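Novice: Pasting a structure here, questions to come.
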Protein chains: 2
Amino acid sequence: MYASRYPVISMEEAWEQVAAAIHRLPIVTRPLDALLGHVLAEDVTASENMPPFPASAMDGYAVVAADQAEERLVIGEQDAGLRQPFHVQPGTAVRIMTGAPLPDGADAVVPFEQATERDGHVRVPATVAAGAYVRPAGQDIAVGNLVLAAGTLLGAPEIGLLATVGRTEALVYSQPTVAVIATGDELVSPGQTPGPGQIRDSNSYALAAAVRTLGYPALRIGPVPDTEQALREAIREAAAQADMVLTSGGVSMGTRDLIKPILEELGTVHFGRVAIKPGKPLTFATLQGVPMFGLPGFPVSSLVCFEMFVRPALRLMAGYRRIWRPEQRVRLSHAVRHTPDRAEFQRAVVTQRDGEYWAETTGNQVSGRLLSLVGANALLKIPAGVDDVAAGESVIAILIDQPEAG
Amino acid sequence: MYASRYPVISMEEAWEQVAAAIHRLPIVTRPLDALLGHVLAEDVTASENMPPFPASAMDGYAVVAADQAEERLVIGEQDAGLRQPFHVQPGTAVRIMTGAPLPDGADAVVPFEQATERDGHVRVPATVAAGAYVRPAGQDIAVGNLVLAAGTLLGAPEIGLLATVGRTEALVYSQPTVAVIATGDELVSPGQTPGPGQIRDSNSYALAAAVRTLGYPALRIGPVPDTEQALREAIREAAAQADMVLTSGGVSMGTRDLIKPILEELGTVHFGRVAIKPGKPLTFATLQGVPMFGLPGFPVSSLVCFEMFVRPALRLMAGYRRIWRPEQRVRLSHAVRHTPDRAEFQRAVVTQRDGEYWAETTGNQVSGRLLSLVGANALLKIPAGVDDVAAGESVIAILIDQPEAG
């Protein structure tokens with residue numbers, strides 16, 4: 001009577017279906033101050049040399065390297081900034097500041113620390129190498145160089161480079177806006193005291209925070225009551241406003257799984273069950289091209305599914321080339337129980353000790369227990385087909401935060 | 001004549017002086033939706049059990065475990081949500097949804113997959129364990145439990161937990177606002193074509209982006225011309241508006257080091273030179289309690305000093321307990337040249353291959369070359385007192401991004 005119409009598929013198969021249905025968001029132009037965290041959608045090349053002129057790498061004296069004079073007349077000072085009309089000849093020097101253009105005739109700089117100036121004359125070491133402490137034009141970037149390739153994630157150095165080559169804006173992939181719908185008659189908001197049988201909505205806050213952690217805007221909607229009409233309206237509106245829709249709860253196989261029929265009516269359900277723990281009822285649909293994840297209602301299940309499916313999907317949409325977390329082979333501090341029917345992700349703390357990585361799970365792993373994610377820096381992947389794993393054995397850890405130092 | 005009045009101090013000594021001068025920002029109350037990325041400033045304990053009642057962990061049937069009846073009358077359905085007045089006795093069962101309160105009398109749940117319902121009666125397996133698929137009250141969180149300790153960084157699971165225990169706001173440390181001042185007569189803005197001797201301001205964009213990467217607001221100021229009055233005004237205003245001030249350039253030892261005299265007039269200069277490469281002219285001051293870093297003008301130097309000094313200082317101010325990046329011992333793919341007079345931080349790509357970490361530096365390491373930071377995921381620390389390091393030898397890498405998979 002309640003057999004699900006959706007076959008249980010493997011995690012790999014489920015991800016393939018998500019990846020096939022997800023598209024990069026449109027390319028847009030954004031100003032320099034708003035580029036951080038975006039993925040570049042164009043190749044950026046240099047149209048000028050950097051530095052544009054031979055420049056001093058130190059505060060010191062611009063000299064002729066081959067000059068054998070014991071003392072040299074200081075004929076002036078060249079600041080960083082406007083170029084002065086000096087011409088340095090043997091027997092003369094120009095006081096020069098870091099970054100300032102090298103005066104004509106000079107081919108080396110002697111730093112202040114190696115020089116002594118007195119009464120308008122400076123003494124420098126007997127031997128000065130041509131080119132010393134001079135940054136030749138184009139040393140950092142030469143005309144025509146590829147400075148940043150399409151696909152580069154823009155952080156602080158990349159934004160500095162764009163400014164350096166004179167870019168005030170750049171073409172980047174749009175970032176996804178995500179609607180998070182809380183569903184369930186049993187939900188009250190955090191400020192209310194739950195009545196008999198009720199609990200507080202926590203998933204919409206946690207999932208919105210998970211979206212914002214990636215730097216993307218989240219719209220929280222609901223709690224929406226468990227009626228077909230209210231849910232249909234909420235999902236339809238969310239899909240019209242956002243680039244991705246997330247629901248939590250309402251997707252298990254009971255009589256009250258209202259969500260899948262609505263998704264089938266509004267779009268296409270690609271899968272409705274996946275062989276992972278936690279997260280078996282994970283559902284994925286597209287609604288007129290807008291991807292929609294029906295996440296399980298248990299708090300840990302919804303966040304683990306977010307980590308394993310929603311995060312990489314959002315990164316694909318935002319143009320990332322590298323969408324996965326780093327993995328690390330770790331040894332188990334204690335035995336881990338596991339039934340081989342599906343892949344399991346256990347929350348754990350990974351610690352680096354004497355060059356080895358050790359993992360300890362964070363207490364009771366039941367799906368409701370959000371505390372099992374607090375302080376966790378890894379998800380241990382126990383693959384399908386594997387039985388219990390003994391203490392000292394090694395498994396793959398997906399690092400969701402930096403390892404502890406042991 | 002140009003000998004610096006500031007002794008060159010070690011990196012460790014410099015950090016000690018910074019840490020001694022930095023204070024945590026005030027504790028404030030923030031609403032649930034604005035807590036992400038803040039550090040909690042109170043212990044949060046649970047005033048209720050979670051779940052508040054024994055609840056079903058699956059969609060199925062609530063039964064009496066010891067009941068030996070072959071078929072049981074389904075007397076109704078209990079949704080998640082309002083509790084129905086059912087009483088389950090031997091010979092009866094209640095259809096129940098995940099998360100719903102267990103009806104009186106029932107002590108176990110049989111999942112739909114293991115049951116067959118027909119004509120209002122359900123068949124379940126011969127043996128049902130008491131407590132099966134039931135989450136006892138308080139299983140996730142028991143009354144009085146410490147749920148989150150002061151000092152916890154608030155991410156998605158922590159925000160979910162706060163909602164779960166009914167918190168609509170929490171006490172957290174304020175996040176620092178940072179003013180970034182670009183200084184130098186030679187600077188033009190990125191949209192302008194530099195004249196002879198001029199370059200574009202890139203540092204204020206890169207440093208503001210570095211601040212925003214940490215999640216904190218940045219105010220960009222300038223470029224400010226190299227006059228004492230303009231600089232004094234800019235620094236004074238910045239210190240009045242922000243929790244930290246950054247300048248870049250204007251701190252080397254030339255005649256045009258205008259910044260340190262102004263800082264001495266407005267506050268206290270703690271140090272003016274540090275034995276690191278890049279970054280020797282790094283300056284640190286406090287202006288009426290507001291910390292101020294004078295970062296070197298070369299783009300790479302300013303970002304490396306940001307990474308090694310400003311980032312941990314900002315995290316201290318924001319209440320973090322863990323302020324440092326993870327470190328990893330790595331082997332060098334090629335020899336690295338180094339002079340032992342100061343600690344050096346070389347930009348590198350660290351790749352994990354066969355369980356070992358290997359590092360390759362990112363080309364020419366001159367301080368002006370921002371490209372050396374593009375794609376770098378680590379800074380290799382070559383300590384003071386060490387000579388050149390041979391290929392195959394190991395050094396400490398400070399991981400600024402995730403390692404590559406080899």
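To be explicit about the labels: the chains of the structure tokens are called A, B, and onward in the order shown, and within each one the residues are counted from 1, while ligands get numbers from 1 in the order they are shown.
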Write out as a tab-separated table a residue-level contact list of chain A versus chain B with cut-off 6 Å: for each qualifying residue the closest pair of atoms and the distance in Å to one decimal, counting only C-alpha atoms, rows sorted by chain and residue number upward.

Specialist:
```
residue	atom	partner	partner_atom	distance
A:Asp59	CA	B:Gly254	CA	5.3
A:Ala80	CA	B:Glu186	CA	5.4
A:Gly81	CA	B:Glu186	CA	3.6
A:Leu82	CA	B:Gly197	CA	5.1
A:Arg83	CA	B:Gly197	CA	5.0
A:Pro101	CA	B:Gly197	CA	5.4
A:Asp140	CA	B:Arg369	CA	4.8
A:Ala156	CA	B:Ala206	CA	4.6
A:Pro157	CA	B:Ala206	CA	5.9
A:Ile159	CA	B:Ala206	CA	5.6
A:Gly160	CA	B:Ala206	CA	4.5
A:Ala163	CA	B:Ser202	CA	5.0
A:Thr164	CA	B:Ser202	CA	5.4
A:Gly166	CA	B:Pro190	CA	4.6
A:Thr168	CA	B:Gly191	CA	5.8
A:Asp185	CA	B:Gly81	CA	5.3
A:Glu186	CA	B:Gly81	CA	3.6
A:Pro190	CA	B:Gly166	CA	4.6
A:Gly191	CA	B:Gly166	CA	5.7
A:Pro196	CA	B:Arg83	CA	5.9
A:Gly197	CA	B:Arg83	CA	5.0
A:Gln198	CA	B:Gly81	CA	5.3
A:Arg200	CA	B:Thr164	CA	5.7
A:Ser202	CA	B:Gly160	CA	4.8
A:Tyr205	CA	B:Gly160	CA	5.9
A:Ala206	CA	B:Gly160	CA	4.5
A:Ala209	CA	B:Ala156	CA	4.9
A:Ala210	CA	B:Ala156	CA	5.1
A:Gly254	CA	B:Asp59	CA	5.3
A:Arg369	CA	B:Asp140	CA	4.8
```

Novice: Per DSSP on the backbone, filter region 162-373 of chain B down to the residues in alpha helix (DSSP H) and report them as JSON, numbers by chain.

Specialist: {"B": [162, 163, 164, 203, 204, 205, 206, 207, 208, 209, 210, 211, 212, 213, 228, 229, 230, 231, 232, 233, 234, 235, 236, 237, 238, 239, 240, 241, 259, 260, 261, 262, 263, 264, 265, 266, 299, 300, 301, 302, 303, 304, 305, 311, 312, 313, 314, 315, 316, 317]}

Novice: CA of Gly385 (chain B) to CA of Pro278 (chain B): how many Å, to one decimal?

Specialist: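 These two atoms are separated by 16.0 Å.
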
Novice: Give the strand (DSSP E) residues of region 161-384 of chain B, as assigned by DSSP on the backbone, as a PyMOL selection string.

Specialist: chain B and resi 169-173+178-183+187-188+199-200+218-224+244-248+268-271+273-274+276-277+283-287+290-295+327-332+343-353+356-361+378-382

Novice: Taking only C-alpha atoms into account, name the residue in B:Gln346, B:Ser10, B:Thr227, B:Thr247 that is nearest to Phe293 (chain B).

Specialist: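 Of B:Gln346, B:Ser10, B:Thr227, B:Thr247, the one nearest Phe293 (chain B), counting only C-alpha atoms, is B:Thr247.
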
Novice: Do you have the CA of Asp243 (chain B)-CA of Ala313 (chain B) distance handy?

Specialist: 11.3 Å

Novice: Quick one: residues within 10 Å of Val88 (chain B), only C-alpha atoms, excluding same-chain residues fewer than 5 positions away - as a list in words?

Specialist: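 Those residues are Ala62, Val63, Val64, Leu73, Val74, Ile75, Gly76, Ala93, Val94, Leu102, Pro103, Asp104, Gly105, Ala106 and Asp107 of chain B.
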
Novice: For CA of Val110 (chain B) and CA of Ile262 (chain A), determine how far apart the two atoms are, in Å to one decimal place.

Specialist: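 Computed distance, CA of Val110 (chain B) to CA of Ile262 (chain A), equals 27.4 Å.
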
Novice: Please list as a PyMOL selection string every residue within 10 Å of Asn145 (chain A), counting only C-alpha atoms and excluding residues in the same chain fewer than 4 positions away.

Specialist: chain A and resi 44-49+138+141
